[in-house]
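Q: Quick one, data_14.tsv (TSV, C-alpha atoms and all ligand atoms):
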chain	number	residue	atom	x	y	z
D	1	MET	CA	20.74	-10.89	-10.59
D	2	SER	CA	19.19	-11.60	-7.23
D	3	VAL	CA	19.91	-9.34	-4.28
D	4	GLN	CA	22.61	-10.98	-2.19
D	5	SER	CA	24.25	-8.06	-0.48
D	6	VAL	CA	22.43	-5.17	1.17
D	7	ALA	CA	23.78	-1.91	2.56
D	8	VAL	CA	21.44	-0.28	5.07
D	9	LEU	CA	21.97	3.42	5.68
D	10	GLY	CA	20.56	4.58	9.02
D	11	ALA	CA	20.41	2.08	11.89
D	12	GLY	CA	17.40	3.51	13.75
D	13	THR	CA	13.90	2.08	14.24
D	14	MET	CA	13.57	0.96	10.62
D	15	GLY	CA	17.19	0.47	9.53
D	16	HIS	CA	18.07	-2.17	12.09
D	17	GLY	CA	14.91	-4.10	11.20
D	18	ILE	CA	15.76	-4.04	7.48
D	19	ALA	CA	19.26	-5.31	8.29
D	20	HIS	CA	17.72	-8.04	10.49
D	21	VAL	CA	15.33	-9.47	7.86
D	22	SER	CA	17.93	-9.22	5.10
D	23	ALA	CA	20.51	-11.17	7.11
D	24	VAL	CA	18.01	-13.86	8.13
D	25	ALA	CA	17.20	-14.30	4.43
D	26	GLY	CA	20.88	-15.02	3.73
D	27	CYS	CA	22.08	-11.65	2.43
D	28	SER	CA	25.36	-10.20	3.58
D	29	VAL	CA	24.56	-6.88	5.21
D	30	THR	CA	26.48	-3.73	6.02
D	31	LEU	CA	24.88	-1.31	8.48
D	32	TYR	CA	25.95	2.32	8.39
D	33	ASP	CA	24.84	5.19	10.59
D	34	VAL	CA	26.22	8.69	10.82
D	35	SER	CA	26.20	8.14	14.58
D	36	PRO	CA	28.40	5.21	15.74
D	37	GLU	CA	26.29	4.97	18.91
D	38	ALA	CA	23.13	4.52	16.83
D	39	ALA	CA	24.84	1.76	14.82
D	40	LYS	CA	25.80	0.06	18.07
D	41	ARG	CA	22.25	0.38	19.43
D	42	GLY	CA	20.91	-0.97	16.13
D	43	LEU	CA	23.11	-4.04	16.33
D	44	ALA	CA	22.10	-4.63	19.95
D	45	SER	CA	18.40	-4.40	18.98
D	46	ILE	CA	18.91	-6.92	16.17
D	47	GLU	CA	20.55	-9.33	18.57
D	48	ARG	CA	17.78	-8.85	21.15
D	49	ASN	CA	15.03	-9.38	18.58
D	50	MET	CA	16.72	-12.47	17.16
D	51	ASP	CA	17.13	-13.88	20.68
D	52	LYS	CA	13.39	-13.37	21.22
D	53	GLY	CA	12.79	-15.19	17.94
D	54	VAL	CA	14.85	-18.12	19.18
D	55	ALA	CA	13.03	-18.14	22.55
D	56	ARG	CA	9.69	-18.24	20.73
D	57	GLY	CA	10.79	-21.04	18.42
D	58	LYS	CA	10.64	-18.83	15.29
D	59	LEU	CA	14.37	-18.98	14.60
D	60	ASP	CA	16.96	-21.72	15.17
D	61	ALA	CA	19.87	-20.72	17.37
D	62	ALA	CA	22.25	-21.77	14.59
D	63	ASP	CA	20.37	-19.61	12.05
D	64	ARG	CA	20.50	-16.66	14.45
D	65	ASP	CA	24.26	-17.06	14.81
D	66	ALA	CA	24.70	-17.34	11.05
D	67	ALA	CA	22.50	-14.28	10.43
D	68	LEU	CA	24.35	-12.21	13.03
D	69	GLY	CA	27.59	-13.28	11.38
D	70	ARG	CA	26.36	-11.80	8.09
D	71	ILE	CA	25.81	-8.30	9.53
D	72	ARG	CA	28.72	-5.90	9.70
D	73	ALA	CA	28.46	-2.40	11.17
D	74	VAL	CA	30.62	-0.16	8.99
D	75	ALA	CA	31.60	3.35	10.03
D	76	ASP	CA	32.65	4.50	6.55
D	77	LEU	CA	29.87	5.22	4.06
D	78	GLN	CA	31.87	4.35	0.94
D	79	GLU	CA	32.99	1.05	2.43
D	80	ALA	CA	29.40	0.28	3.48
D	81	VAL	CA	27.94	0.60	-0.04
D	82	THR	CA	30.81	-0.78	-2.10
D	83	GLY	CA	29.78	-4.08	-3.70
D	84	ALA	CA	26.15	-3.89	-2.51
D	85	ASP	CA	23.41	-5.18	-4.83
D	86	LEU	CA	20.88	-3.08	-2.92
D	87	VAL	CA	21.33	0.08	-0.88
D	88	VAL	CA	18.36	0.92	1.35
D	89	GLU	CA	18.24	4.26	3.08
D	90	ALA	CA	16.33	4.64	6.36
D	91	VAL	CA	17.56	8.07	7.44
D	92	PRO	CA	15.19	10.78	8.79
D	93	GLU	CA	12.26	11.88	6.64
D	94	LYS	CA	13.91	14.90	4.98
D	95	LEU	CA	13.98	15.19	1.22
D	96	ALA	CA	17.30	17.06	1.01
D	97	LEU	CA	19.00	14.51	3.28
D	98	LYS	CA	17.83	11.52	1.26
D	99	GLN	CA	18.75	13.22	-2.03
D	100	GLU	CA	22.20	14.08	-0.76
D	101	LEU	CA	22.80	10.53	0.45
D	102	PHE	CA	21.90	8.94	-2.89
D	103	ARG	CA	23.87	11.58	-4.79
D	104	THR	CA	26.90	10.77	-2.63
D	105	VAL	CA	26.76	6.98	-2.83
D	106	GLU	CA	25.82	6.58	-6.50
D	107	PRO	CA	29.39	6.95	-7.87
D	108	TRP	CA	30.59	4.28	-5.41
D	109	VAL	CA	28.17	1.53	-6.48
D	110	GLY	CA	27.89	-0.61	-9.59
D	111	ARG	CA	25.54	0.30	-12.43
D	112	ASP	CA	23.20	-2.55	-11.42
D	113	THR	CA	22.96	-1.54	-7.78
D	114	ILE	CA	19.43	-0.63	-6.71
D	115	LEU	CA	18.88	2.44	-4.54
D	116	GLY	CA	15.83	1.86	-2.33
D	117	THR	CA	14.25	4.48	-0.10
D	118	ASN	CA	12.18	3.67	2.96
D	119	THR	CA	10.42	7.03	2.86
D	120	SER	CA	6.92	6.88	4.30
D	121	SER	CA	5.58	9.94	2.49
D	122	LEU	CA	8.08	11.75	0.28
D	123	SER	CA	7.97	11.52	-3.50
D	124	VAL	CA	10.30	8.72	-4.64
D	125	GLY	CA	10.67	10.55	-7.95
D	126	ALA	CA	11.88	13.67	-6.14
D	127	ILE	CA	14.49	11.61	-4.28
D	128	ALA	CA	15.49	9.90	-7.55
D	129	SER	CA	15.89	13.25	-9.30
D	130	ALA	CA	19.13	13.79	-7.37
D	131	THR	CA	20.74	10.74	-9.00
D	132	GLU	CA	22.39	10.31	-12.39
D	133	HIS	CA	20.44	7.09	-13.07
D	134	PRO	CA	16.94	7.47	-11.58
D	135	ASP	CA	15.91	4.18	-13.23
D	136	ARG	CA	17.62	2.35	-10.32
D	137	VAL	CA	15.68	4.19	-7.59
D	138	ILE	CA	12.60	2.61	-6.00
D	139	GLY	CA	10.54	2.96	-2.83
D	140	LEU	CA	10.81	0.07	-0.36
D	141	HIS	CA	8.35	1.01	2.36
D	142	PHE	CA	8.73	-1.29	5.35
D	143	PHE	CA	6.54	-1.28	8.44
D	144	ASN	CA	7.48	-1.16	12.08
D	145	PRO	CA	8.58	-3.55	13.58
D	146	VAL	CA	10.16	-4.70	10.34
D	147	HIS	CA	10.94	-8.26	11.45
D	148	ILE	CA	7.26	-8.81	12.33
D	149	MET	CA	5.16	-6.78	9.89
D	150	LYS	CA	4.36	-8.75	6.74
D	151	LEU	CA	3.90	-5.90	4.27
D	152	LEU	CA	6.44	-4.43	1.88
D	153	GLU	CA	4.97	-1.56	-0.13
D	154	ILE	CA	7.04	-1.17	-3.29
D	155	ILE	CA	6.76	2.26	-4.88
D	156	VAL	CA	7.49	2.56	-8.56
D	157	ALA	CA	8.57	6.04	-9.60
D	158	GLU	CA	8.42	7.52	-13.08
D	159	HIS	CA	11.82	6.20	-14.20
D	160	THR	CA	12.03	2.95	-12.17
D	161	THR	CA	12.60	0.04	-14.54
D	162	GLU	CA	10.63	-3.19	-14.62
D	163	ALA	CA	13.87	-5.11	-13.99
D	164	VAL	CA	14.51	-3.16	-10.78
D	165	LEU	CA	10.92	-3.78	-9.67
D	166	GLU	CA	11.24	-7.53	-10.35
D	167	ARG	CA	14.49	-7.78	-8.40
D	168	CYS	CA	12.87	-5.97	-5.47
D	169	ARG	CA	9.83	-8.24	-5.58
D	170	ALA	CA	12.15	-11.26	-5.42
D	171	TYR	CA	14.05	-9.66	-2.54
D	172	GLY	CA	10.74	-8.96	-0.76
D	173	GLU	CA	9.71	-12.59	-1.09
D	174	ALA	CA	13.11	-13.79	0.09
D	175	ILE	CA	12.79	-11.74	3.28
D	176	GLY	CA	9.32	-13.18	3.89
D	177	LYS	CA	7.22	-10.15	3.00
D	178	GLN	CA	4.07	-9.85	0.97
D	179	CYS	CA	4.73	-7.17	-1.63
D	180	ILE	CA	2.27	-4.70	-3.05
D	181	THR	CA	3.20	-2.47	-5.97
D	182	VAL	CA	2.09	1.14	-5.89
D	183	LYS	CA	2.58	4.13	-8.14
D	184	ASP	CA	4.58	7.06	-6.78
D	185	PHE	CA	1.58	9.08	-5.66
D	186	PRO	CA	1.24	11.05	-2.39
D	187	GLY	CA	0.42	8.75	0.52
D	188	PHE	CA	1.07	5.64	-1.63
D	189	ALA	CA	-1.58	3.02	-0.73
D	190	THR	CA	-1.03	2.65	3.00
D	191	SER	CA	-0.85	6.18	4.40
D	192	ARG	CA	-3.54	7.48	2.05
D	193	LEU	CA	-6.16	5.04	3.30
D	194	GLY	CA	-4.95	4.82	6.89
D	195	VAL	CA	-4.68	8.55	7.49
D	196	CYS	CA	-8.02	9.25	5.80
D	197	LEU	CA	-9.75	6.82	8.16
D	198	GLY	CA	-7.95	8.30	11.15
D	199	MET	CA	-8.96	11.89	10.31
D	200	GLU	CA	-12.59	10.91	9.79
D	201	ALA	CA	-12.64	9.05	13.11
D	202	ILE	CA	-11.35	12.20	14.86
D	203	ARG	CA	-14.07	14.28	13.18
D	204	MET	CA	-16.61	11.77	14.52
D	205	VAL	CA	-15.28	12.29	18.07
D	206	GLU	CA	-15.56	16.06	17.51
D	207	GLN	CA	-19.18	15.68	16.39
D	208	GLY	CA	-20.02	13.49	19.39
D	209	VAL	CA	-21.03	10.58	17.15
D	210	ALA	CA	-19.57	8.05	19.61
D	211	SER	CA	-16.73	7.68	22.13
D	212	PRO	CA	-13.20	6.84	20.88
D	213	GLU	CA	-13.59	3.35	22.36
D	214	ASP	CA	-16.85	2.75	20.48
D	215	ILE	CA	-15.55	4.17	17.18
D	216	ASP	CA	-12.53	1.84	17.43
D	217	ALA	CA	-14.77	-1.10	18.35
D	218	ALA	CA	-16.86	-0.37	15.24
D	219	MET	CA	-13.82	-0.99	13.04
D	220	VAL	CA	-12.30	-3.81	15.08
D	221	LEU	CA	-15.47	-5.83	15.55
D	222	GLY	CA	-17.45	-4.72	12.52
D	223	TYR	CA	-14.67	-4.57	9.94
D	224	ARG	CA	-12.08	-6.88	11.47
D	225	HIS	CA	-9.39	-4.23	11.70
D	226	PRO	CA	-6.73	-5.45	14.17
D	227	VAL	CA	-6.69	-2.03	15.84
D	228	GLY	CA	-9.10	0.92	15.67
D	229	PRO	CA	-8.20	4.18	13.85
D	230	LEU	CA	-7.99	6.26	17.04
D	231	LYS	CA	-5.84	3.81	18.95
D	232	LEU	CA	-3.61	3.56	15.89
D	233	THR	CA	-3.35	7.35	15.75
D	234	ASP	CA	-2.25	7.27	19.39
D	235	MET	CA	0.35	4.61	18.58
D	236	VAL	CA	1.79	6.46	15.58
D	237	GLY	CA	1.71	9.83	17.35
D	238	LEU	CA	-0.82	12.62	16.76
D	239	ASP	CA	1.93	15.04	15.72
D	240	VAL	CA	3.34	12.62	13.13
D	241	ARG	CA	-0.11	11.94	11.68
D	242	MET	CA	-1.02	15.63	11.71
D	243	HIS	CA	2.00	16.44	9.54
D	244	ILE	CA	1.20	13.62	7.11
D	245	GLY	CA	-2.42	14.84	6.97
D	246	GLU	CA	-1.33	18.40	6.19
D	247	TYR	CA	1.01	17.14	3.46
D	248	LEU	CA	-1.63	14.91	1.87
D	249	ALA	CA	-4.36	17.59	2.03
D	250	LYS	CA	-2.04	19.89	0.09
D	251	GLU	CA	-0.62	17.34	-2.37
D	252	LEU	CA	-3.93	15.63	-3.14
D	253	GLY	CA	-6.05	18.79	-2.89
D	254	ASN	CA	-8.43	16.84	-0.67
D	255	ALA	CA	-9.88	18.38	2.51
D	256	ALA	CA	-10.60	14.90	3.92
D	257	PHE	CA	-6.93	14.79	4.97
D	258	GLU	CA	-7.02	18.18	6.71
D	259	PRO	CA	-6.26	17.66	10.42
D	260	PRO	CA	-9.45	18.38	12.43
D	261	ALA	CA	-9.43	21.19	15.04
D	262	LEU	CA	-9.56	18.61	17.86
D	263	MET	CA	-6.34	17.03	16.62
D	264	ARG	CA	-4.56	20.38	16.39
D	265	GLN	CA	-5.71	21.23	19.94
D	266	MET	CA	-4.53	17.88	21.31
D	267	VAL	CA	-1.13	18.32	19.66
D	268	ALA	CA	-0.86	21.85	21.09
D	269	ASP	CA	-1.73	20.43	24.54
D	270	GLY	CA	0.98	17.76	24.24
D	271	LYS	CA	-1.53	14.92	24.00
D	272	LEU	CA	0.52	13.17	21.33
D	273	GLY	CA	-0.67	9.64	22.08
D	274	LYS	CA	1.20	6.65	23.45
D	275	LYS	CA	4.64	8.27	23.58
D	276	ALA	CA	3.24	11.14	25.69
D	277	GLY	CA	1.17	8.87	27.96
D	278	ALA	CA	-2.10	10.42	26.74
D	279	GLY	CA	-4.03	10.84	23.52
D	280	PHE	CA	-7.47	9.45	22.73
D	281	TYR	CA	-6.56	6.84	25.35
D	282	ASP	CA	-4.74	6.98	28.66
D	283	TRP	CA	-1.42	5.13	28.19
D	284	ASP	CA	0.04	5.43	31.69
E	301	LIG	P1	15.09	6.94	13.30
E	301	LIG	O1	15.22	8.34	13.76
E	301	LIG	O2	14.75	5.86	14.27
E	301	LIG	O3	16.48	6.50	12.60
E	301	LIG	C1	17.16	7.29	11.66
E	301	LIG	C2	18.64	7.00	11.78
E	301	LIG	O4	19.32	7.66	10.71
E	301	LIG	C3	19.27	7.52	13.08
E	301	LIG	O5	19.94	6.45	13.73
E	301	LIG	C4	20.25	8.58	12.62
E	301	LIG	O6	21.44	8.65	13.40
E	301	LIG	C5	20.56	8.13	11.21
E	301	LIG	N1	21.05	9.16	10.30
E	301	LIG	C6	20.75	10.49	10.27
E	301	LIG	N2	21.39	11.07	9.23
E	301	LIG	C7	22.10	10.09	8.61
E	301	LIG	C8	22.95	10.07	7.46
E	301	LIG	N3	23.22	11.17	6.76
E	301	LIG	N4	23.52	8.88	7.12
E	301	LIG	C9	23.26	7.77	7.83
E	301	LIG	N5	22.47	7.73	8.91
E	301	LIG	C10	21.89	8.88	9.28
E	301	LIG	O7	14.06	6.98	12.08
E	301	LIG	P2	13.12	5.80	11.54
E	301	LIG	O8	11.85	5.79	12.30
E	301	LIG	O9	13.94	4.55	11.42
E	301	LIG	O10	12.76	6.36	10.09
E	301	LIG	C11	13.65	6.27	9.02
E	301	LIG	C12	12.87	6.41	7.72
E	301	LIG	O11	11.89	5.38	7.66
E	301	LIG	C13	12.10	7.73	7.57
E	301	LIG	O12	12.13	8.11	6.23
E	301	LIG	C14	10.69	7.35	8.02
E	301	LIG	O13	9.72	8.20	7.45
E	301	LIG	C15	10.61	5.96	7.45
E	301	LIG	N6	9.61	5.08	8.08
E	301	LIG	C16	9.45	5.06	9.43
E	301	LIG	C17	8.51	4.20	10.02
E	301	LIG	C18	8.34	4.12	11.51
E	301	LIG	O14	7.32	3.55	11.97
E	301	LIG	N7	9.28	4.62	12.32
E	301	LIG	C19	7.74	3.36	9.21
E	301	LIG	C20	7.94	3.38	7.82
E	301	LIG	C21	8.89	4.24	7.27
Represent the structure of the file as structure tokens.
Ligand code: NAD

A:
Amino acid sequence: MSVQSVAVLGAGTMGHGIAHVSAVAGCSVTLYDVSPEAAKRGLASIERNMDKGVARGKLDAADRDAALGRIRAVADLQEAVTGADLVVEAVPEKLALKQELFRTVEPWVGRDTILGTNTSSLSVGAIASATEHPDRVIGLHFFNPVHIMKLLEIIVAEHTTEAVLERCRAYGEAIGKQCITVKDFPGFATSRLGVCLGMEAIRMVEQGVASPEDIDAAMVLGYRHPVGPLKLTDMVGLDVRMHIGEYLAKELGNAAFEPPALMRQMVADGKLGKKAGAGFYDWD
């Protein structure tokens, strides 16, 4: 019962990457987006990234052609999910939207089809509650850029079965990821630790403990982190992290996640990090 066909719903930053790695692993892939332009852009990004892979000697030209041949952009949602072993949604981070999507597609898929959500913070159980068979719902948290990042965080919700988890682990291995298994708990493993470190680093800037550069160097050189917590906050976006921090502070009842005043001020001033050209670092 291995995963051989994957339907990816949402062809944005994450969706096109999930389609990419699935096709390279030999799965047949359908890519659906509510916006035909986004689906087109997603396909173009996949092609571009695979071409880069060929240029860098990571992918054979023949394998690229075969993988591209396995991906089909489909404009009709029912057609996209019919016959899929695994449906992965990568639509915007809104609970009602994800619930509605799974509620809609469930009657069109087989009883053994897995419904995976790429949510980065929402409760997988809450998404699953919209389905008739929540035992088939699981969190498949990929990282950006999907074709490069090694981690797949698998989130097991209250009703997810062991069989579904095992099939997802096998799928994760097939697409070249290292899988970790995490309980459906706010922030999972990744965001909970990463955001906590980021918030504390910002509080240290506020308290004048050290400069952003030196705080980042402490983690990069002293703890072998590939990137410091403040630079990472800039890369993710201060606004995005602020919202996750607010959510986690509330859900976990832990003030360590509360966005510091400095962060709120920077967001209000438009210093959102890399995408805005300025944050803790100057990105221009
Ligand atoms: P994105 O905005 O780049 O892409 C979302 C896509 O979904 C868009 O192309 C949009 O047209 C499409 N869409 C909207 N409504 C739809 C619907 N009803 N049916 C089908 N497609 C629809 O977003 P993203 O960054 O790819 O994020 C997608 C999900 O992945 C979110 O839940 C996000 O939290 C999660 N995530 C994002 C990252 C990241 O670094 N960007 C990392 C991990 C997880």

Q: To check your reading of the model: which residues sit at most 8 Å from ligand LIG 301 (chain E) when counting only C-alpha atoms and all ligand atoms? Write the answer as a PyMOL selection string.

A: chain D and resi 9-16+32-35+38-39+42+77+89-94+97-98+101+117-121+141-145+236

Q: Mind listing whatever residues come within 12 Å of the point (16.5, -17.9, 16.0)? Use only C-alpha atoms, file coordinates, and give them as a list in words.

A: His20, Val21, Ala23, Val24, Ile46, Glu47, Arg48, Asn49, Met50, Asp51, Lys52, Gly53, Val54, Ala55, Arg56, Gly57, Lys58, Leu59, Asp60, Ala61, Ala62, Asp63, Arg64, Asp65, Ala66, Ala67 and Leu68 of chain D

Q: Would you compute the distance between atom CA of Leu248 of chain D and atom CA of Pro226 of chain D? Give it in Å to one decimal.

A: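 Atom-to-atom, atom CA of Leu248 of chain D and atom CA of Pro226 of chain D are spaced 24.3 Å apart.
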
Q: For atom CA of Thr104 of chain D and atom CA of Leu140 of chain D, determine how far apart the two atoms are, in Å to one decimal place.

A: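 Taking atom CA of Thr104 of chain D as the start and atom CA of Leu140 of chain D as the end point, the length is 19.5 Å.
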
Q: Identify which of the residues D:Lys177, D:Lys274, D:Arg136, D:His147 lies closest to Thr161 of chain D, counting all atoms listed in the file when measuring atom-to-atom distances.

A: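 Distance minimum relative to Thr161 of chain D lands on D:Arg136.
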
Q: By how many Å are atom CA of Ile202 of chain D and atom CA of Tyr223 of chain D apart?

A: 17.8 Å

Q: Got a sec: who's within 10 Å of Pro259 of chain D, counting only C-alpha atoms, leaving out chain neighbours fewer than 5 positions off, as a short mmCIF file (atom, residue, chain, number, x, y, z; two decimals) with C-alpha atoms, keeping the file's coordinate frame?

A:
data_model
loop_
_atom_site.label_atom_id
_atom_site.label_comp_id
_atom_site.auth_asym_id
_atom_site.auth_seq_id
_atom_site.Cartn_x
_atom_site.Cartn_y
_atom_site.Cartn_z
CA VAL D 195 -4.68 8.55 7.49
CA CYS D 196 -8.02 9.25 5.80
CA GLY D 198 -7.95 8.30 11.15
CA MET D 199 -8.96 11.89 10.31
CA GLU D 200 -12.59 10.91 9.79
CA ILE D 202 -11.35 12.20 14.86
CA ARG D 203 -14.07 14.28 13.18
CA LEU D 238 -0.82 12.62 16.76
CA ARG D 241 -0.11 11.94 11.68
CA MET D 242 -1.02 15.63 11.71
CA HIS D 243 2.00 16.44 9.54
CA ILE D 244 1.20 13.62 7.11
CA GLY D 245 -2.42 14.84 6.97
CA GLU D 246 -1.33 18.40 6.19
CA ALA D 249 -4.36 17.59 2.03
CA ARG D 264 -4.56 20.38 16.39
#
